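J.: First the structure, which I've put down as structure tokens, then a few questions once you've had a look.
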Amino acid sequence: MARGISFAQLGLLLLLLASCGGGGTSSQEQSAVNNPVAATASTPVNCGAACALSVADVELVIAQAVAEAKARNIAGTIAVVDRVGNVLGVFQMQGADDFITITSTAELGGPVVGGLESLNFIPASLAAISKAVTGAYLSTGGNAFTTRTASQIIQENFNPGERDVPSGPLFGVQFSQLACSDFSQRDLGTGAVGVGPHRAPLGLSADPGGLPLYINGLPVGGVGVIADGIYGLDKNIGDFDIDLDELLATAATRGYAAPLEIRADRITLVGKTARFSDALVSDLLSTVATTPSLAAVQAANDGQFLAVPGYITAAAARAGTVFGEPNSGIRPADPDVFQNATGESLDAFIFADNNNQNRYPASAGTDQPAGDVLNSLTAAEVQIIMNEALGVANQARAQIRVPVGSQARVTVSVVDSLGHIVGMARTRDGPMFGADVSLQKARTATFFSGTGRADGNAPADILAALPGPQYLAALPEPVDLANASLSTINATGPIFLDYVLAAKVFLGDPQALEAAGAHVAFSDRSGGNLSRPNFPDGPSSGPPGPFSKPAGEWSVFNVGLQSDLVYNAVIHHVGFVLGLVPDVVQNCTGDTGLAATAPFTTVGSVGNLANGIQIFPGSVPIYRGDVLVGGIGVSGDGVDQDDMISFLGLHRAGERLTTGLGNAPAEIRADQLSIPGQTSRLRFVNCPQLPFIDDDTTEVCNGL
């Protein structure tokens, strides 16, 4: 048995707790063989079956990673997914670690305690899948990002290793695409691929070794490799690493590599160059000529395909979907429905189900805000909100896409005041991660703005009623189950009321987040301000936000309220993959986790928290006059762009509708709060200075 605990050991532990309760086969030895395709309105969504991963493609990608591993005398686990996250193959080499350890470096030195930190019973297959999904979901026809890029943009400082600078632009995105999400799709269990986007077992990954795959210049999926036993991140980007996972993943992408012109290191974020990979083809020890067929690898007993519950039924490779066609779950929308005010098509796309029906057409709200059904969003209003937001996106200049001047590519989500989805749509070539994230954003803004929510429950009431995270420490090796007890195995985490009390103290308002308190409109940018490890975001001398862990406890695997809300569900899902419990329900809240009594049960669920919360910008609550009626979230091509598209799109929709619908009244927005002991205020939105293509209009959000 390779390092790590055995399945039997973990199974006994959890039972103990329960008892207490076709293309791309070029042989050219080079880093990129595809011609780049510019991300313009005319960019094709796909080029048919020639731009989808075949079984032969999947096997070759894996074989190339295996060849590099054998050349280095190491063993690893390799996963391949298509663009919408269908797992097409998971291959584990002989001698590879069965389990990985989640770890990061503590801010003040020493190990971080709590959250997902130090857990050592996570199957390596789940790490590889999350890394592959990340490479696929962060990349488009106009940008190619990797898990190393993700590591750079999610940490407490941007760039990582610098001091007294703000957090990464996608701070918190790692807790998206979760296995418990009510939006992300699950494997059909029939052996067939299904519509996406699919879930990532550990959320998005920041551990180098996840790269996108391209055919003919178009993104078709991703590959993820775990070979070093550590699922972590790069805390210092001031040097170049020799990372085994990344080297194997680089070998895997021969013939399927991202075009050089669109890689992260050709793109700047807030004036700083993004990172793509520290591994180069010239670093590899294997060559195309020395790559054996995967059949030969298996015949030599050097590895085998794995079936992974919830992700791939058969221990074999399978072909991916053709992105943009109905079986991928993403297809063109009805141009007669998605039009601007003058009747021009918005080139929109929708999320389709297995019957090719729109999963989230514009629909009426399910609530009665302020006790009056007339306040509810109507289907016509939702459609116009989506159309206006998509129109702003088409007009806007993308931040994380080349060539410069490309249109912003995003997903737009609209929810009612209870968090129920009333409409979702996307633009052409938007990054896949933006779908689940835009929904998180819309719900988060609605949740924290909801002191007057239709169900009568304010955020404080809802949080106080949720079961707290049940932190599980690293399991000793070997596990001494004969002498184990709950007190030594299971560590109780914080209660959510602690976060409520911290917010009251921080904001200087004993009624904060209470129904009896002042009605405050929170955007994701303002809620995110409260979730950073320092306030204001940047200077290390500032105190932690009330929704953050303090220094010494904070890490990207233990951020605070965001991670605690979903912790039990994440552990629940790992137990399912290990064959110990049924799968987690499609709601990320209310799971009891490893509680001493009734573990892994759902005691409550919250619509506004169904796929977790998000803490980087891109959403605003929707009001009818001074009544909260819903939220809009946007995610895709830059956080300032996301802010503008949600805020300005909603404003323009209100102007068209003349039904009192629009942004929150200025006087109740979170940026009007005065925080005791602080000279800095929360932010509501931050729109780009010169945002539009071929238009010199500036300060487009001012005064609205």
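If you're wondering about the labels, chains in the structure tokens are A, B, ... by order shown, residues count from 1 in each chain, ligands from 1 in order shown.
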Need to verify the contact set: segment 522-534 of chain A, 6 Å, only C-alpha atoms, exclusion of same-chain residues closer than 5 positions in sequence. Can you return it as a PyMOL selection string?

T.: chain A and resi 445+449+542-548+615-617+619-620+670+682-684

J.: Keeping N, CA and C atoms, export the residues of the selection given above as a PDB file, in the first residue's frame.

T.:
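Below you can see part39.pdb, which holds the result:
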```
ATOM      1  N   ALA A 445     -25.379  38.204  -2.546  1.00  0.00           N
ATOM      2  CA  ALA A 445     -25.869  39.578  -2.403  1.00  0.00           C
ATOM      3  C   ALA A 445     -27.281  39.586  -1.834  1.00  0.00           C
ATOM      4  N   SER A 449     -28.329  40.950   2.029  1.00  0.00           N
ATOM      5  CA  SER A 449     -29.209  42.120   1.976  1.00  0.00           C
ATOM      6  C   SER A 449     -30.584  41.813   2.548  1.00  0.00           C
ATOM      7  N   GLY A 542      -4.203  45.771   9.461  1.00  0.00           N
ATOM      8  CA  GLY A 542      -5.632  45.851   9.727  1.00  0.00           C
ATOM      9  C   GLY A 542      -6.169  44.581  10.363  1.00  0.00           C
ATOM     10  N   PRO A 543      -7.286  44.684  11.077  1.00  0.00           N
ATOM     11  CA  PRO A 543      -7.881  43.505  11.714  1.00  0.00           C
ATOM     12  C   PRO A 543      -8.540  42.608  10.674  1.00  0.00           C
ATOM     13  N   PRO A 544      -8.778  41.340  11.026  1.00  0.00           N
ATOM     14  CA  PRO A 544      -9.510  40.483  10.085  1.00  0.00           C
ATOM     15  C   PRO A 544     -10.955  40.928   9.970  1.00  0.00           C
ATOM     16  N   GLY A 545     -11.529  40.758   8.783  1.00  0.00           N
ATOM     17  CA  GLY A 545     -12.956  41.010   8.627  1.00  0.00           C
ATOM     18  C   GLY A 545     -13.750  40.029   9.472  1.00  0.00           C
ATOM     19  N   PRO A 546     -14.978  40.363   9.831  1.00  0.00           N
ATOM     20  CA  PRO A 546     -15.757  39.499  10.726  1.00  0.00           C
ATOM     21  C   PRO A 546     -16.117  38.148  10.131  1.00  0.00           C
ATOM     22  N   PHE A 547     -16.052  38.014   8.805  1.00  0.00           N
ATOM     23  CA  PHE A 547     -16.356  36.732   8.173  1.00  0.00           C
ATOM     24  C   PHE A 547     -15.088  35.967   7.803  1.00  0.00           C
ATOM     25  N   SER A 548     -13.930  36.416   8.287  1.00  0.00           N
ATOM     26  CA  SER A 548     -12.651  35.787   7.966  1.00  0.00           C
ATOM     27  C   SER A 548     -12.069  35.094   9.188  1.00  0.00           C
ATOM     28  N   ILE A 615     -17.139  35.473  -2.500  1.00  0.00           N
ATOM     29  CA  ILE A 615     -16.637  36.649  -1.793  1.00  0.00           C
ATOM     30  C   ILE A 615     -15.704  37.504  -2.648  1.00  0.00           C
ATOM     31  N   PHE A 616     -15.830  37.396  -3.980  1.00  0.00           N
ATOM     32  CA  PHE A 616     -15.160  38.385  -4.822  1.00  0.00           C
ATOM     33  C   PHE A 616     -16.207  39.060  -5.699  1.00  0.00           C
ATOM     34  N   PRO A 617     -15.907  40.255  -6.236  1.00  0.00           N
ATOM     35  CA  PRO A 617     -16.956  41.132  -6.780  1.00  0.00           C
ATOM     36  C   PRO A 617     -17.685  40.580  -7.996  1.00  0.00           C
ATOM     37  N   SER A 619     -21.735  41.246  -8.180  1.00  0.00           N
ATOM     38  CA  SER A 619     -23.172  41.084  -7.980  1.00  0.00           C
ATOM     39  C   SER A 619     -23.747  42.300  -7.285  1.00  0.00           C
ATOM     40  N   VAL A 620     -25.050  42.481  -7.442  1.00  0.00           N
ATOM     41  CA  VAL A 620     -25.800  43.487  -6.692  1.00  0.00           C
ATOM     42  C   VAL A 620     -27.176  42.928  -6.395  1.00  0.00           C
ATOM     43  N   ALA A 670     -24.245  49.421   1.180  1.00  0.00           N
ATOM     44  CA  ALA A 670     -23.251  49.133   2.214  1.00  0.00           C
ATOM     45  C   ALA A 670     -22.142  50.170   2.264  1.00  0.00           C
ATOM     46  N   LEU A 682     -16.831  50.197   3.360  1.00  0.00           N
ATOM     47  CA  LEU A 682     -17.068  49.108   2.428  1.00  0.00           C
ATOM     48  C   LEU A 682     -17.273  49.690   1.035  1.00  0.00           C
ATOM     49  N   ARG A 683     -17.034  48.866   0.027  1.00  0.00           N
ATOM     50  CA  ARG A 683     -17.300  49.278  -1.351  1.00  0.00           C
ATOM     51  C   ARG A 683     -18.568  48.599  -1.840  1.00  0.00           C
ATOM     52  N   PHE A 684     -19.265  49.235  -2.756  1.00  0.00           N
ATOM     53  CA  PHE A 684     -20.471  48.628  -3.322  1.00  0.00           C
ATOM     54  C   PHE A 684     -20.159  48.038  -4.693  1.00  0.00           C
TER      55      PHE A 684
END
```

J.: Counting only C-alpha atoms, what are the residues of segment 162-280 of chain A within 12 Å of segment 62-80 of chain A, and for each of them which pair of atoms is the nearest and at what distance in Å, to one decimal? Sort the table by chain and rising number, as CSV.

T.:
```
residue,atom,partner,partner_atom,distance
A:Ala200,CA,A:Ala79,CA,11.9
A:Gly209,CA,A:Ile78,CA,9.8
A:Gly210,CA,A:Ala79,CA,9.3
A:Leu211,CA,A:Val80,CA,9.9
A:Pro212,CA,A:Val80,CA,9.7
A:Leu213,CA,A:Val80,CA,9.1
A:Val220,CA,A:Val80,CA,10.4
A:Gly221,CA,A:Val80,CA,7.3
A:Gly222,CA,A:Val80,CA,5.8
A:Val223,CA,A:Val80,CA,4.5
A:Gly224,CA,A:Ala79,CA,5.2
A:Val225,CA,A:Ile78,CA,4.6
A:Ile226,CA,A:Thr77,CA,5.4
A:Ala227,CA,A:Gly76,CA,4.0
A:Asp228,CA,A:Gly76,CA,7.6
A:Gly229,CA,A:Gly76,CA,8.6
A:Ile230,CA,A:Gly76,CA,11.5
A:Leu244,CA,A:Ala69,CA,8.5
A:Asp245,CA,A:Gly76,CA,8.1
A:Glu246,CA,A:Ala65,CA,9.9
A:Leu247,CA,A:Glu68,CA,7.8
A:Leu248,CA,A:Ala65,CA,4.8
A:Ala249,CA,A:Ala65,CA,6.1
A:Thr250,CA,A:Ala65,CA,7.8
A:Ala251,CA,A:Ala65,CA,5.4
A:Ala252,CA,A:Ala65,CA,4.5
A:Thr253,CA,A:Gln64,CA,7.8
A:Arg254,CA,A:Gln64,CA,7.6
A:Gly255,CA,A:Gln64,CA,10.2
A:Tyr256,CA,A:Gln64,CA,11.1
```

J.: Next, the residues of the selection above should be written as a tab-separated table (two decimals), in the first residue's frame with C-alpha atoms.

T.:
```
chain	number	residue	atom	x	y	z
A	200	ALA	CA	-15.41	19.44	-9.05
A	209	GLY	CA	-0.51	20.46	-12.29
A	210	GLY	CA	-3.88	21.26	-13.87
A	211	LEU	CA	-3.68	22.47	-17.49
A	212	PRO	CA	-6.24	23.11	-20.24
A	213	LEU	CA	-6.37	21.02	-23.42
A	220	VAL	CA	-11.74	21.02	-25.30
A	221	GLY	CA	-11.02	20.10	-21.69
A	222	GLY	CA	-8.32	19.76	-19.07
A	223	VAL	CA	-5.80	17.38	-17.54
A	224	GLY	CA	-4.91	17.12	-13.87
A	225	VAL	CA	-1.99	15.27	-12.29
A	226	ILE	CA	-1.14	14.53	-8.68
A	227	ALA	CA	2.18	12.76	-8.09
A	228	ASP	CA	3.79	14.40	-5.08
A	229	GLY	CA	1.10	13.53	-2.53
A	230	ILE	CA	0.51	17.19	-1.61
A	244	LEU	CA	6.46	17.14	-10.48
A	245	ASP	CA	2.71	17.44	-11.02
A	246	GLU	CA	3.18	20.30	-13.47
A	247	LEU	CA	5.94	18.52	-15.38
A	248	LEU	CA	3.75	15.47	-15.91
A	249	ALA	CA	0.78	17.61	-16.91
A	250	THR	CA	2.96	19.50	-19.40
A	251	ALA	CA	4.01	16.22	-20.97
A	252	ALA	CA	0.35	15.22	-21.15
A	253	THR	CA	-0.53	18.28	-23.26
A	254	ARG	CA	1.84	17.54	-26.15
A	255	GLY	CA	-0.29	18.07	-29.24
A	256	TYR	CA	-3.08	19.53	-27.11
```

J.: Quick one: of A:Leu178, A:Ile267, A:Ala393, A:Val577, who's nearest to Gln440 of chain A, counting only C-alpha atoms?

T.: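 So, comparing all the options, the nearest one is A:Leu178.
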
J.: With only C-alpha atoms counted and 10 Å as the cut-off, give the residues of segment 345-454 of chain A in contact with segment 587-606 of chain A, each with its shortest interatomic distance in Å and the pair that gives it, as a tab-separated table.

T.:
```
residue	atom	partner	partner_atom	distance
A:Leu418	CA	A:Val606	CA	8.3
A:Gly419	CA	A:Val606	CA	8.2
A:His420	CA	A:Val606	CA	9.9
A:Phe447	CA	A:Val606	CA	9.6
```

J.: Let's have the selection written as a compact mmCIF listing (two decimals), in the first residue's frame, with N, CA and C atoms.

T.:
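Wrote selection-v9.txt, looks like this:
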```txt
# COMPACT_ATOMS: atom_id res chain seq x y z
N LEU A 418 -35.45 34.65 -2.28
CA LEU A 418 -35.21 33.41 -1.55
C LEU A 418 -34.07 32.60 -2.15
N GLY A 419 -33.44 33.12 -3.20
CA GLY A 419 -32.33 32.43 -3.83
C GLY A 419 -32.72 31.45 -4.91
N HIS A 420 -34.00 31.35 -5.25
CA HIS A 420 -34.42 30.46 -6.32
C HIS A 420 -33.99 31.05 -7.67
N PHE A 447 -28.69 37.18 -0.01
CA PHE A 447 -28.70 36.66 1.36
C PHE A 447 -28.34 37.74 2.37
```

J.: So which one's closest to Tyr214 of chain A, A:Ala136, A:Ile102, A:Ala258, A:Ala50? Using only C-alpha atoms, please.

T.: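 Ranking A:Ala136, A:Ile102, A:Ala258, A:Ala50 by distance to Tyr214 of chain A, first place goes to A:Ala258.
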
J.: Find the spatial neighbours of Ser151 of chain A, counting only C-alpha atoms, within a cut-off of 9 Å - ignore same-chain residues fewer than 6 positions away - and output them as a list in words.

T.: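 Once the adjacent positions are removed, what remains is Pro160, Ser205, Ala206, Asp207, Pro208, Gly232, Leu233, Asp234 and Lys235 of chain A.
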
J.: Which polymer residues have any atom within 9 Å of an atom of Leu501 of chain A, counting only C-alpha atoms, with same-chain residues fewer than 2 positions away left out, as a list in words?

T.: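 Counting only the stated atoms, we get Ala460, Phe496, Leu497, Asp498, Tyr499, Ala503, Lys504, Val505, Phe506, Pro510, Ala512 and Pro546 of chain A.
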
J.: Any chance you could list, as a PyMOL selection string, the residues in segment 485-602 of chain A that come up alpha helix (DSSP H) when DSSP is run on the backbone?

T.: chain A and resi 486-489+497-507+524-529+561-577

J.: Choose the residue, out of A:Pro691, A:Pro197, A:Pro403, A:Pro550, that has the smallest atom-to-atom separation from Gly114 of chain A; count only C-alpha atoms.

T.: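 Of the candidates, the smallest distance to Gly114 of chain A is held by A:Pro550.
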
J.: Report, in Å to a single decimal, how far apart atom CA of Ile693 of chain A and atom CA of Tyr623 of chain A are.

T.: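 That distance, rounded to one decimal, is 29.3 Å.
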
J.: Pick from A:Leu284, A:Ala296, A:Ala521, A:Val404: nearest to Thr444 of chain A, with only C-alpha atoms counted?

T.: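 For Thr444 of chain A, the nearest of the given residues is A:Ala521.
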
J.: DSSP on the backbone, then: every residue of segment 501-678 of chain A marked strand (DSSP E), written as JSON, numbers by chain.

T.: {"A": [619, 620, 621, 622, 623, 624, 627, 628, 629, 630, 631, 632, 633, 634, 635, 661, 662]}

J.: Looking at only C-alpha atoms, which of A:Leu60, A:Arg443, A:Glu381, A:Leu580 is the one that sits closest to Pro292 of chain A?

T.: A:Leu60

J.: Each residue of segment 350-413 of chain A with at least one atom at most 12 Å from segment 326-339 of chain A should appear once, together with its nearest atom pair and the corresponding distance in Å (one decimal); atoms considered: only C-alpha atoms; ordering: chain, then increasing residue number; output as a tab-separated table.

T.:
```
residue	atom	partner	partner_atom	distance
A:Ile350	CA	A:Ala333	CA	5.4
A:Phe351	CA	A:Ile330	CA	4.9
A:Ala352	CA	A:Gly329	CA	4.6
A:Asp353	CA	A:Gly329	CA	6.1
A:Asn354	CA	A:Asn327	CA	6.8
A:Asn355	CA	A:Pro326	CA	8.4
A:Asn356	CA	A:Pro326	CA	5.7
A:Gln357	CA	A:Pro326	CA	8.9
A:Asn358	CA	A:Ala333	CA	8.4
A:Arg359	CA	A:Gly329	CA	9.2
A:Tyr360	CA	A:Ala333	CA	11.4
A:Pro361	CA	A:Ala333	CA	10.0
A:Ala362	CA	A:Val337	CA	9.8
A:Ala379	CA	A:Val337	CA	11.9
A:Ala380	CA	A:Val337	CA	10.4
A:Val382	CA	A:Phe338	CA	11.4
A:Gln383	CA	A:Phe338	CA	7.8
A:Ile384	CA	A:Phe338	CA	8.6
A:Ile385	CA	A:Phe338	CA	10.6
A:Met386	CA	A:Phe338	CA	8.2
A:Asn387	CA	A:Phe338	CA	5.9
A:Glu388	CA	A:Gln339	CA	8.7
A:Ala389	CA	A:Phe338	CA	10.9
A:Leu390	CA	A:Phe338	CA	8.8
A:Gly391	CA	A:Gln339	CA	8.5
A:Asn394	CA	A:Gln339	CA	11.8
A:Thr411	CA	A:Ile330	CA	11.6
```

J.: Based on the selection just made, write N, CA and C atoms of those residues as a PDB file, in the first residue's frame.

T.:
```
ATOM      1  N   ILE A 350     -27.562  29.350 -23.647  1.00  0.00           N
ATOM      2  CA  ILE A 350     -28.280  28.924 -22.441  1.00  0.00           C
ATOM      3  C   ILE A 350     -27.745  27.560 -21.987  1.00  0.00           C
ATOM      4  N   PHE A 351     -28.165  27.173 -20.777  1.00  0.00           N
ATOM      5  CA  PHE A 351     -27.808  25.879 -20.208  1.00  0.00           C
ATOM      6  C   PHE A 351     -28.957  24.917 -20.479  1.00  0.00           C
ATOM      7  N   ALA A 352     -28.667  23.844 -21.207  1.00  0.00           N
ATOM      8  CA  ALA A 352     -29.697  22.895 -21.608  1.00  0.00           C
ATOM      9  C   ALA A 352     -29.646  21.642 -20.744  1.00  0.00           C
ATOM     10  N   ASP A 353     -30.805  20.999 -20.565  1.00  0.00           N
ATOM     11  CA  ASP A 353     -30.856  19.736 -19.832  1.00  0.00           C
ATOM     12  C   ASP A 353     -30.677  18.575 -20.807  1.00  0.00           C
ATOM     13  N   ASN A 354     -30.850  17.352 -20.320  1.00  0.00           N
ATOM     14  CA  ASN A 354     -30.635  16.180 -21.165  1.00  0.00           C
ATOM     15  C   ASN A 354     -31.673  16.044 -22.267  1.00  0.00           C
ATOM     16  N   ASN A 355     -32.753  16.829 -22.183  1.00  0.00           N
ATOM     17  CA  ASN A 355     -33.764  16.847 -23.238  1.00  0.00           C
ATOM     18  C   ASN A 355     -33.641  18.085 -24.115  1.00  0.00           C
ATOM     19  N   ASN A 356     -32.520  18.786 -23.993  1.00  0.00           N
ATOM     20  CA  ASN A 356     -32.235  19.985 -24.782  1.00  0.00           C
ATOM     21  C   ASN A 356     -33.174  21.138 -24.459  1.00  0.00           C
ATOM     22  N   GLN A 357     -33.755  21.125 -23.251  1.00  0.00           N
ATOM     23  CA  GLN A 357     -34.607  22.225 -22.821  1.00  0.00           C
ATOM     24  C   GLN A 357     -33.813  23.185 -21.945  1.00  0.00           C
ATOM     25  N   ASN A 358     -34.121  24.456 -22.060  1.00  0.00           N
ATOM     26  CA  ASN A 358     -33.465  25.480 -21.254  1.00  0.00           C
ATOM     27  C   ASN A 358     -33.700  25.183 -19.772  1.00  0.00           C
ATOM     28  N   ARG A 359     -32.619  24.987 -19.017  1.00  0.00           N
ATOM     29  CA  ARG A 359     -32.763  24.677 -17.593  1.00  0.00           C
ATOM     30  C   ARG A 359     -33.316  25.862 -16.811  1.00  0.00           C
ATOM     31  N   TYR A 360     -32.951  27.055 -17.214  1.00  0.00           N
ATOM     32  CA  TYR A 360     -33.322  28.231 -16.429  1.00  0.00           C
ATOM     33  C   TYR A 360     -33.854  29.359 -17.311  1.00  0.00           C
ATOM     34  N   PRO A 361     -35.011  29.146 -17.943  1.00  0.00           N
ATOM     35  CA  PRO A 361     -35.615  30.251 -18.702  1.00  0.00           C
ATOM     36  C   PRO A 361     -36.102  31.322 -17.742  1.00  0.00           C
ATOM     37  N   ALA A 362     -36.299  32.505 -18.243  1.00  0.00           N
ATOM     38  CA  ALA A 362     -36.836  33.582 -17.408  1.00  0.00           C
ATOM     39  C   ALA A 362     -38.165  33.147 -16.818  1.00  0.00           C
ATOM     40  N   ALA A 379     -41.549  37.189 -15.021  1.00  0.00           N
ATOM     41  CA  ALA A 379     -40.705  36.556 -16.033  1.00  0.00           C
ATOM     42  C   ALA A 379     -40.227  37.581 -17.057  1.00  0.00           C
ATOM     43  N   ALA A 380     -41.110  38.509 -17.435  1.00  0.00           N
ATOM     44  CA  ALA A 380     -40.723  39.535 -18.410  1.00  0.00           C
ATOM     45  C   ALA A 380     -39.619  40.422 -17.851  1.00  0.00           C
ATOM     46  N   VAL A 382     -37.362  39.563 -15.560  1.00  0.00           N
ATOM     47  CA  VAL A 382     -36.126  38.770 -15.507  1.00  0.00           C
ATOM     48  C   VAL A 382     -35.474  38.709 -16.882  1.00  0.00           C
ATOM     49  N   GLN A 383     -36.281  38.517 -17.930  1.00  0.00           N
ATOM     50  CA  GLN A 383     -35.718  38.438 -19.279  1.00  0.00           C
ATOM     51  C   GLN A 383     -35.036  39.751 -19.661  1.00  0.00           C
ATOM     52  N   ILE A 384     -35.660  40.866 -19.334  1.00  0.00           N
ATOM     53  CA  ILE A 384     -35.058  42.157 -19.682  1.00  0.00           C
ATOM     54  C   ILE A 384     -33.802  42.410 -18.854  1.00  0.00           C
ATOM     55  N   ILE A 385     -33.787  42.005 -17.595  1.00  0.00           N
ATOM     56  CA  ILE A 385     -32.570  42.145 -16.788  1.00  0.00           C
ATOM     57  C   ILE A 385     -31.429  41.356 -17.428  1.00  0.00           C
ATOM     58  N   MET A 386     -31.694  40.101 -17.817  1.00  0.00           N
ATOM     59  CA  MET A 386     -30.648  39.304 -18.459  1.00  0.00           C
ATOM     60  C   MET A 386     -30.208  39.933 -19.775  1.00  0.00           C
ATOM     61  N   ASN A 387     -31.174  40.375 -20.569  1.00  0.00           N
ATOM     62  CA  ASN A 387     -30.837  40.950 -21.867  1.00  0.00           C
ATOM     63  C   ASN A 387     -29.985  42.206 -21.726  1.00  0.00           C
ATOM     64  N   GLU A 388     -30.341  43.069 -20.789  1.00  0.00           N
ATOM     65  CA  GLU A 388     -29.567  44.292 -20.616  1.00  0.00           C
ATOM     66  C   GLU A 388     -28.157  43.990 -20.093  1.00  0.00           C
ATOM     67  N   ALA A 389     -28.039  43.019 -19.194  1.00  0.00           N
ATOM     68  CA  ALA A 389     -26.713  42.652 -18.694  1.00  0.00           C
ATOM     69  C   ALA A 389     -25.856  42.063 -19.812  1.00  0.00           C
ATOM     70  N   LEU A 390     -26.434  41.189 -20.624  1.00  0.00           N
ATOM     71  CA  LEU A 390     -25.695  40.625 -21.756  1.00  0.00           C
ATOM     72  C   LEU A 390     -25.310  41.717 -22.746  1.00  0.00           C
ATOM     73  N   GLY A 391     -26.172  42.692 -22.922  1.00  0.00           N
ATOM     74  CA  GLY A 391     -25.862  43.806 -23.810  1.00  0.00           C
ATOM     75  C   GLY A 391     -24.683  44.622 -23.314  1.00  0.00           C
ATOM     76  N   ASN A 394     -21.533  42.588 -24.032  1.00  0.00           N
ATOM     77  CA  ASN A 394     -21.118  42.644 -25.434  1.00  0.00           C
ATOM     78  C   ASN A 394     -20.474  43.976 -25.791  1.00  0.00           C
ATOM     79  N   THR A 411     -21.226  34.823 -17.629  1.00  0.00           N
ATOM     80  CA  THR A 411     -22.528  34.228 -17.335  1.00  0.00           C
ATOM     81  C   THR A 411     -23.288  35.181 -16.434  1.00  0.00           C
TER      82      THR A 411
END
```

J.: Considering only C-alpha atoms, state which residue in the set A:Val559, A:Leu507, A:Ala257, A:Ala192 is at the smallest distance from Ile154 of chain A.

T.: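 Among A:Val559, A:Leu507, A:Ala257, A:Ala192, it is A:Val559 that comes nearest to Ile154 of chain A.
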
J.: Mind checking which residues fall within 10 Å of Asp436 of chain A, counting only C-alpha atoms, ignoring those fewer than 6 positions away in the same chain, and posting them as a list of chain:residue names?

T.: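 Residues near the query, excluding close chain neighbours: A:Ser176, A:Gln177, A:Leu178, A:Ser181, A:Asp182, A:Phe183, A:Ser184, A:Pro197, A:His198, A:Arg199, A:Thr411, A:Ser413, A:Asn611, A:Gly612, A:Gln614, A:Gly633, A:Ser635.
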
J.: Separation of atom CA of Asp696 of chain A and atom CA of Gly649 of chain A, in Å?

T.: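 Going from atom CA of Asp696 of chain A over to atom CA of Gly649 of chain A covers 18.5 Å.
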
J.: May I have the residues within 9 Å of Ser417 of chain A as a ChimeraX atom specification, using only C-alpha atoms and disregarding those fewer than 4 positions away in the same chain?

T.: /A:365-369,376,443,446-447,450,453-455,608,621-622,628-631

J.: Okay, now the selection with N, CA and C atoms, as a tab-separated table (two decimals), in the first residue's frame?

T.:
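Okay, this is what ended up in result24.tsv:
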```tsv
chain	number	residue	atom	x	y	z
A	365	GLY	N	-40.62	35.19	-9.85
A	365	GLY	CA	-40.13	34.88	-8.52
A	365	GLY	C	-41.11	34.01	-7.76
A	366	THR	N	-40.56	33.21	-6.84
A	366	THR	CA	-41.39	32.30	-6.05
A	366	THR	C	-41.77	32.90	-4.70
A	367	ASP	N	-41.41	34.15	-4.47
A	367	ASP	CA	-41.55	34.79	-3.16
A	367	ASP	C	-42.66	35.85	-3.18
A	368	GLN	N	-42.86	36.47	-2.03
A	368	GLN	CA	-43.75	37.62	-1.91
A	368	GLN	C	-43.02	38.68	-1.08
A	369	PRO	N	-42.09	39.39	-1.69
A	369	PRO	CA	-41.30	40.37	-0.93
A	369	PRO	C	-42.18	41.39	-0.22
A	376	SER	N	-42.96	40.67	-6.44
A	376	SER	CA	-42.15	39.59	-7.00
A	376	SER	C	-41.70	39.93	-8.42
A	443	ARG	N	-26.84	34.98	-5.26
A	443	ARG	CA	-27.44	34.53	-4.01
A	443	ARG	C	-26.79	35.20	-2.80
A	446	THR	N	-28.11	38.67	-2.29
A	446	THR	CA	-29.49	38.60	-1.81
A	446	THR	C	-29.55	38.14	-0.36
A	447	PHE	N	-28.69	37.18	-0.01
A	447	PHE	CA	-28.70	36.66	1.36
A	447	PHE	C	-28.34	37.74	2.37
A	450	GLY	N	-30.79	40.57	2.97
A	450	GLY	CA	-32.13	40.10	3.24
A	450	GLY	C	-32.66	40.26	4.65
A	453	ARG	N	-36.34	39.81	4.13
A	453	ARG	CA	-36.66	38.76	3.17
A	453	ARG	C	-38.08	38.24	3.35
A	454	ALA	N	-38.63	37.71	2.27
A	454	ALA	CA	-40.03	37.28	2.27
A	454	ALA	C	-40.31	36.18	3.28
A	455	ASP	N	-39.34	35.30	3.58
A	455	ASP	CA	-39.60	34.20	4.50
A	455	ASP	C	-39.51	34.62	5.96
A	608	ASN	N	-30.71	30.51	-0.55
A	608	ASN	CA	-29.69	31.51	-0.85
A	608	ASN	C	-28.27	31.02	-0.63
A	621	PRO	N	-27.79	43.36	-5.27
A	621	PRO	CA	-29.18	42.98	-5.01
A	621	PRO	C	-30.12	43.77	-5.91
A	622	ILE	N	-31.29	43.21	-6.16
A	622	ILE	CA	-32.31	43.86	-6.99
A	622	ILE	C	-33.43	44.37	-6.08
A	628	LEU	N	-36.33	44.57	-1.23
A	628	LEU	CA	-35.46	43.57	-1.84
A	628	LEU	C	-36.30	42.52	-2.56
A	629	VAL	N	-36.02	42.30	-3.85
A	629	VAL	CA	-36.80	41.32	-4.62
A	629	VAL	C	-35.94	40.26	-5.28
A	630	GLY	N	-34.61	40.40	-5.21
A	630	GLY	CA	-33.76	39.40	-5.84
A	630	GLY	C	-32.32	39.85	-5.93
A	631	GLY	N	-31.56	39.17	-6.79
A	631	GLY	CA	-30.16	39.51	-6.98
A	631	GLY	C	-29.70	39.11	-8.36
```
